[in-house]
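Structure below is input-v2.txt: compact mmCIF, C-alpha atoms.
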# COMPACT_ATOMS: atom_id res chain seq x y z
CA MET A 1 0.00 0.00 0.00
CA THR A 2 1.34 3.41 -0.96
CA THR A 3 1.12 5.89 1.90
CA PRO A 4 -0.84 9.03 1.00
CA GLU A 5 1.31 12.14 1.30
CA HIS A 6 -0.84 13.60 4.08
CA TYR A 7 0.07 10.61 6.28
CA SER A 8 3.75 10.39 5.32
CA ARG A 9 5.00 11.87 8.60
CA ILE A 10 3.01 9.53 10.83
CA ASP A 11 3.38 6.33 8.79
CA ALA A 12 6.15 5.06 11.08
CA VAL A 13 4.02 5.69 14.19
CA ILE A 14 0.75 3.97 13.25
CA ASP A 15 -0.43 0.91 11.36
CA LEU A 16 -2.13 2.94 8.66
CA PRO A 17 -4.02 0.07 6.93
CA LEU A 18 -5.40 -1.00 10.31
CA MET A 19 -6.42 2.52 11.33
CA ARG A 20 -8.08 3.15 7.99
CA SER A 21 -10.35 0.16 8.70
CA LYS A 22 -11.52 1.53 12.08
CA THR A 23 -14.50 3.63 13.13
CA VAL A 24 -14.63 5.78 16.27
CA ALA A 25 -17.80 7.36 17.66
CA VAL A 26 -17.26 10.70 19.42
CA CYS A 27 -20.29 11.61 21.52
CA GLY A 28 -20.13 15.28 22.34
CA ALA A 29 -18.54 17.73 19.88
CA GLY A 30 -17.59 20.42 22.37
CA ALA A 31 -14.13 21.71 23.30
CA VAL A 32 -12.78 18.29 24.32
CA GLY A 33 -14.73 16.14 21.84
CA SER A 34 -13.89 18.35 18.86
CA ARG A 35 -10.17 18.27 19.62
CA ILE A 36 -10.21 14.50 20.11
CA ALA A 37 -12.06 14.02 16.82
CA ASP A 38 -9.62 16.36 15.06
CA GLU A 39 -6.57 14.47 16.36
CA LEU A 40 -8.06 11.07 15.51
CA ALA A 41 -8.87 12.21 11.98
CA ARG A 42 -5.27 13.34 11.53
CA SER A 43 -4.03 10.03 13.00
CA GLY A 44 -5.38 8.00 10.11
CA ILE A 45 -8.75 6.84 11.48
CA GLY A 46 -10.93 5.77 8.55
CA ALA A 47 -14.32 6.88 9.82
CA LEU A 48 -15.87 8.96 12.60
CA ILE A 49 -19.38 9.08 13.99
CA LEU A 50 -20.05 12.50 15.55
CA VAL A 51 -23.01 12.93 17.90
CA ASP A 52 -24.18 16.22 19.43
CA PRO A 53 -27.64 17.80 19.70
CA GLU A 54 -26.47 21.37 20.43
CA PRO A 55 -25.68 24.39 18.24
CA PHE A 56 -22.22 25.92 18.11
CA GLU A 57 -22.27 29.19 20.05
CA ALA A 58 -20.01 32.24 20.11
CA SER A 59 -18.95 31.34 23.65
CA ASN A 60 -17.42 28.13 22.25
CA LEU A 61 -14.98 29.98 19.99
CA SER A 62 -12.11 30.37 22.46
CA ARG A 63 -11.48 26.61 22.88
CA HIS A 64 -13.09 24.86 19.91
CA VAL A 65 -11.57 23.76 16.61
CA LEU A 66 -14.46 25.43 14.75
CA GLY A 67 -14.54 29.10 13.80
CA TYR A 68 -16.94 32.03 13.72
CA ARG A 69 -18.62 31.05 10.46
CA ASP A 70 -19.99 27.93 12.17
CA VAL A 71 -21.85 29.80 14.92
CA GLY A 72 -25.49 28.67 14.94
CA ARG A 73 -24.87 25.36 13.19
CA ASN A 74 -25.24 21.96 14.82
CA LYS A 75 -21.85 21.12 16.37
CA ALA A 76 -21.64 17.61 14.92
CA GLU A 77 -22.51 18.68 11.39
CA ALA A 78 -20.18 21.70 11.46
CA LEU A 79 -17.33 19.60 12.85
CA ALA A 80 -17.90 16.94 10.18
CA ASP A 81 -17.59 19.54 7.42
CA HIS A 82 -14.44 20.95 9.04
CA LEU A 83 -12.78 17.51 9.25
CA ARG A 84 -13.70 16.60 5.68
CA ARG A 85 -11.94 19.77 4.52
CA GLN A 86 -8.84 18.99 6.58
CA VAL A 87 -8.40 15.25 5.97
CA PRO A 88 -8.91 13.74 2.50
CA ASP A 89 -10.88 10.47 2.31
CA LEU A 90 -12.14 10.68 5.89
CA GLN A 91 -15.63 9.20 6.24
CA VAL A 92 -17.86 11.06 8.70
CA ALA A 93 -21.43 10.36 9.83
CA THR A 94 -23.34 12.68 12.15
CA SER A 95 -26.31 12.55 14.48
CA PRO A 96 -28.07 15.38 16.37
CA ALA A 97 -29.47 12.87 18.90
CA ASP A 98 -29.63 13.61 22.61
CA LEU A 99 -28.27 10.30 23.87
CA ALA A 100 -29.67 10.82 27.36
CA ASP A 101 -33.22 10.53 26.02
CA LEU A 102 -32.97 7.81 23.37
CA PRO A 103 -34.41 4.32 23.93
CA ASP A 104 -31.74 1.64 24.26
CA ASP A 105 -32.26 0.23 20.77
CA ALA A 106 -32.05 3.69 19.18
CA LEU A 107 -28.92 4.51 21.19
CA ASP A 108 -27.28 1.26 20.10
CA SER A 109 -28.22 2.00 16.50
CA VAL A 110 -26.45 5.41 16.56
CA LEU A 111 -23.25 3.80 17.84
CA TRP A 112 -23.59 0.51 15.98
CA TRP A 113 -20.54 0.67 13.69
CA ALA A 114 -18.05 2.00 16.24
CA ASP A 115 -14.95 0.04 17.21
CA VAL A 116 -14.34 2.47 20.11
CA ILE A 117 -16.66 5.04 21.67
CA VAL A 118 -15.53 8.37 23.15
CA ALA A 119 -18.06 9.80 25.62
CA ALA A 120 -17.14 13.49 25.73
CA THR A 121 -20.54 14.84 26.72
CA ASP A 122 -21.28 17.18 29.63
CA ASP A 123 -24.24 15.05 30.75
CA ARG A 124 -23.56 12.19 33.17
CA VAL A 125 -26.88 10.53 32.36
CA ALA A 126 -25.79 10.38 28.72
CA GLN A 127 -22.31 9.17 29.71
CA ARG A 128 -23.69 6.32 31.80
CA ARG A 129 -26.10 5.31 29.06
CA ILE A 130 -23.26 5.37 26.52
CA GLY A 131 -21.28 3.18 28.88
CA SER A 132 -24.18 0.74 29.16
CA SER A 133 -24.53 0.60 25.38
CA ALA A 134 -20.81 -0.09 25.01
CA ARG A 135 -20.97 -2.91 27.57
CA ARG A 136 -24.00 -4.49 25.90
CA ARG A 137 -21.94 -4.87 22.73
CA SER A 138 -18.55 -5.39 24.44
CA ILE A 139 -17.07 -2.28 22.82
CA PRO A 140 -14.41 -0.28 24.70
CA ALA A 141 -15.34 3.27 25.67
CA VAL A 142 -13.25 6.27 26.72
CA PHE A 143 -14.67 8.90 29.10
CA PRO A 144 -12.64 12.14 29.22
CA GLY A 145 -13.52 14.89 31.68
CA VAL A 146 -11.99 18.30 32.40
CA ALA A 147 -11.54 19.34 36.03
CA PRO A 148 -13.88 22.17 37.15
CA GLU A 149 -10.91 24.48 37.69
CA GLY A 150 -9.30 23.50 34.37
CA GLY A 151 -5.66 22.60 33.98
CA GLY A 152 -6.27 18.88 33.52
CA GLY A 153 -8.86 16.27 34.35
CA GLU A 154 -9.56 12.55 34.27
CA ILE A 155 -9.96 9.82 31.67
CA PHE A 156 -11.75 6.58 32.44
CA VAL A 157 -11.65 3.59 30.05
CA SER A 158 -14.15 0.74 30.04
CA PHE A 159 -13.27 -2.50 28.24
CA GLY A 160 -16.66 -4.14 28.50
CA TRP A 161 -17.31 -6.90 31.03
CA GLU A 162 -13.61 -7.41 31.80
CA THR A 163 -13.10 -4.22 33.82
CA PRO A 164 -15.22 -1.89 36.00
CA CYS A 165 -17.79 0.25 34.20
CA PHE A 166 -17.99 4.03 34.14
CA GLY A 167 -20.70 3.93 36.78
CA CYS A 168 -18.40 2.04 39.17
CA TRP A 169 -16.04 5.02 39.08
CA ASP A 170 -18.50 7.89 38.66
CA ARG A 171 -21.16 7.00 41.23
CA PHE A 172 -19.66 9.30 43.83
CA ARG A 173 -21.01 12.18 41.73
CA SER A 174 -24.62 13.20 41.30
CA ALA A 175 -26.12 12.20 37.95
CA THR A 176 -27.30 15.80 37.55
CA GLU A 177 -23.84 17.28 38.15
CA ARG A 178 -22.83 18.72 34.81
CA PRO A 179 -19.31 20.10 34.25
CA ARG A 180 -20.44 23.02 32.13
CA ALA A 181 -18.51 26.24 31.40
CA VAL A 182 -15.20 25.11 32.89
CA GLN A 183 -13.03 28.20 33.30
CA ALA A 184 -9.93 27.25 31.37
CA LEU A 185 -7.97 28.09 28.26
CA GLY A 186 -7.91 25.73 25.32
CA VAL A 187 -4.34 24.76 26.21
CA ASP A 188 -5.53 23.70 29.68
CA ILE A 189 -7.55 20.81 28.26
CA LEU A 190 -4.72 19.45 26.09
CA PRO A 191 -3.44 16.96 28.73
CA VAL A 192 -6.89 15.34 28.77
CA VAL A 193 -7.06 15.28 24.96
CA HIS A 194 -3.57 13.77 24.75
CA VAL A 195 -4.36 10.88 27.09
CA ALA A 196 -7.80 10.24 25.57
CA VAL A 197 -6.41 10.07 22.01
CA SER A 198 -3.55 7.82 23.16
CA ALA A 199 -6.08 5.51 24.82
CA VAL A 200 -8.20 5.29 21.68
CA LEU A 201 -5.18 4.49 19.49
CA ALA A 202 -4.06 1.82 21.96
CA LEU A 203 -7.52 0.25 21.96
CA LEU A 204 -7.60 0.15 18.17
CA ASP A 205 -4.09 -1.31 17.94
CA PRO A 206 -2.80 -3.12 21.06
CA ALA A 207 0.49 -3.73 19.21
CA SER A 208 1.16 0.01 18.83
CA ARG A 209 3.52 2.13 20.89
CA PHE A 210 0.48 3.63 22.63
CA ALA A 211 -0.41 0.32 24.27
CA HIS A 212 1.89 0.94 27.25
CA ILE A 213 -0.73 3.29 28.64
CA PHE A 214 -2.79 0.34 29.90
CA ARG A 215 0.01 -1.99 30.95
CA PRO A 216 -0.34 -3.74 34.29
CA GLN A 217 2.16 -3.05 37.03
CA SER A 218 3.70 -5.94 38.94
CA PRO A 219 2.46 -7.58 41.12
CA ASP A 220 -1.07 -6.38 40.19
CA PRO A 221 -2.07 -8.02 36.85
CA ARG A 222 -5.02 -5.71 36.21
CA LEU A 223 -5.11 -3.14 33.43
CA ARG A 224 -4.62 0.51 34.32
CA THR A 225 -7.85 2.11 33.05
CA LEU A 226 -8.16 5.33 35.09
CA PHE A 227 -5.95 8.33 34.34
CA PHE A 228 -5.47 11.71 35.98
CA ALA A 229 -4.01 14.14 33.46
CA GLY A 230 -2.54 17.54 34.22
CA THR A 231 0.57 19.32 35.43
CA PHE A 232 2.57 17.50 38.08
CA ARG A 233 5.56 18.52 40.19
CA MET A 234 8.66 16.53 39.32
CA ASP A 235 12.07 16.14 40.96
CA GLU A 236 14.12 19.26 41.65
CA GLY A 237 11.03 21.46 41.62
CA ARG A 238 10.29 20.98 37.91
CA VAL A 239 6.73 20.67 36.63
CA ALA A 240 5.56 18.84 33.54
CA ASP A 241 2.35 17.78 31.84
CA GLY A 242 1.62 14.09 32.13
CA TYR A 243 -0.72 11.57 33.66
CA ARG A 244 -0.99 9.16 36.54
CA ARG A 245 -2.52 5.72 36.13
CA ALA A 246 -4.78 3.82 38.49
CA VAL A 247 -6.91 0.68 38.69
CA PRO A 248 -10.58 1.39 39.50
CA GLU A 249 -12.50 -1.15 41.55
CA PHE A 250 -15.83 -2.80 40.80
CA ARG A 251 -18.55 -1.14 42.86
CA ALA A 252 -20.69 -3.63 44.76
CA ALA A 253 -24.24 -3.82 43.34
CA CYS A 254 -23.41 -1.19 40.70
CA PRO A 255 -26.74 -0.53 38.91
CA ASP A 256 -24.91 -0.23 35.59
CA CYS A 257 -22.86 -3.44 35.52
CA ASP A 258 -23.89 -5.42 38.60
CA PRO A 259 -27.66 -4.85 38.98
CA TRP A 260 -28.21 -8.13 40.85
CA GLY A 261 -25.39 -7.54 43.33
CA TRP A 262 -23.16 -10.31 42.04
CA ARG A 263 -19.43 -10.09 42.50
CA LEU A 264 -17.95 -9.58 39.04
CA PRO A 265 -14.56 -10.97 37.96
CA ARG A 266 -11.52 -8.99 39.04
CA GLY A 267 -8.93 -10.60 36.79
CA GLY A 268 -6.51 -9.20 34.26
CA PRO A 269 -7.15 -8.41 30.60
CA GLY A 270 -9.23 -10.74 28.49
CA HIS A 271 -8.04 -12.28 25.26
CA ARG A 272 -9.31 -9.36 23.18
CA HIS A 273 -7.10 -6.81 24.94
CA ALA A 274 -3.59 -8.17 25.49
CA PHE A 275 -1.32 -5.30 26.50
CA PRO A 276 2.36 -5.69 27.39
CA PRO A 277 3.20 -5.81 31.11
CA GLY A 278 5.42 -3.19 32.69
CA ASP A 279 6.64 -1.94 36.05
CA ASP A 280 7.17 1.78 35.54
CA GLU A 281 4.52 4.40 36.22
CA GLU A 282 4.39 7.48 33.98

Structure translated into structure tokens:
Amino acid sequence: MTTPEHYSRIDAVIDLPLMRSKTVAVCGAGAVGSRIADELARSGIGALILVDPEPFEASNLSRHVLGYRDVGRNKAEALADHLRRQVPDLQVATSPADLADLPDDALDSVLWWADVIVAATDDRVAQRRIGSSARRRSIPAVFPGVAPEGGGGEIFVSFGWETPCFGCWDRFRSATERPRAVQALGVDILPVVHVAVSAVLALLDPASRFAHIFRPQSPDPRLRTLFFAGTFRMDEGRVADGYRRAVPEFRAACPDCDPWGWRLPRGGPGHRHAFPPGDDEE
């Protein structure tokens, strides 16, 4: 396969034929979702599904990949047009659906073709329902979130039945708590975008150099699937952007993944997600 010129500088980093065969659904086309979609499109992903019911507003301009001419348009549709202009041959489908209100079968239909789902909405009801849809079909899902004060945030990854669900981690928050209007510059959300994109690429290609992000740490064989991204103090007083990895626990009687109160497996990765072991934290 001849590498298209627009991928010539990343050809050594990704398995381009593999990435061109993959589809990622990005639910939420706001500041975080739009940047994740933009980076994935430029990383060789073959197709994107963009979902957002809201219009693009002037207040979005300071941190979004879209510009002033898109004000008033549906975010998903405007972002799709933007990405088609930037990346030749990218396939993009859009939906204006509010995923918090869709019946389960309609929700599954919107996300049907995705190999990985990114839940970048500002609605925790929608996020939990996206997580449930992903688990029903055993599709991995990535949940990025920006901290209320900006400057970083968290990324949770669900692998399906093999690891805790989003609800296991997120139940300490109210379902109505919505992280709207975070006071932060666009650059402040980049650590979250970086980790989320790395996680998606690792999920799509466990043989890639991104796969280390999930690696177990001896003696615990479980995947690292919870990340705290931001600016951390290093040795000698230095600070640097990065992330810290953690293993979330199954929540007893979690209504999302353990509705009957059964104890779910707590083992390592299943056969579909074999990531290399390692001992070093980031």

* Rank nothing, just name the residue among A:Leu204, A:Leu185, A:Ala199, A:Ile10 nearest to A:Arg245, using only C-alpha atoms. => A:Ala199

* Asked: Expressed in Å to a single decimal, how great is the separation between atom CA of A:Thr23 and atom CA of A:Ala47?
  ->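 Between atom CA of A:Thr23 and atom CA of A:Ala47 the gap works out to 4.6 Å.
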
* To do: Find the residues near A:Val200: any atom within 9 Å, counting only C-alpha atoms, skip ones fewer than 2 places away on the same chain, and give them as a list in words.
  =>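 Contacts, in chain order: Val24, Leu40, Val116, Ile117, Val118, Pro140, Ala141, Val142, Val195, Ala196, Val197, Ser198, Ala202, Leu203, Leu204, Asp205 and Phe210 of chain A.
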
* Asked: In Å to one decimal, how far is atom CA of A:Ala207 from atom CA of A:Asp15?
  -> 9.2 Å

* So, counting only C-alpha atoms, which residue among A:Gly28, A:Gly242, A:Gly131, A:Pro53 is closest to A:Cys257? -> A:Gly131

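What separates atom CA of A:His212 from atom CA of A:Val192 is a distance of 16.9 Å.
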
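Near A:His64, within 9 Å and counting all atoms listed in the file, sit A:Ala29, A:Gly30, A:Ala31, A:Val32, A:Ser34, A:Arg35, A:Asn60, A:Leu61, A:Gly67, A:Gly186, not including residues fewer than 3 positions from it in the same chain.
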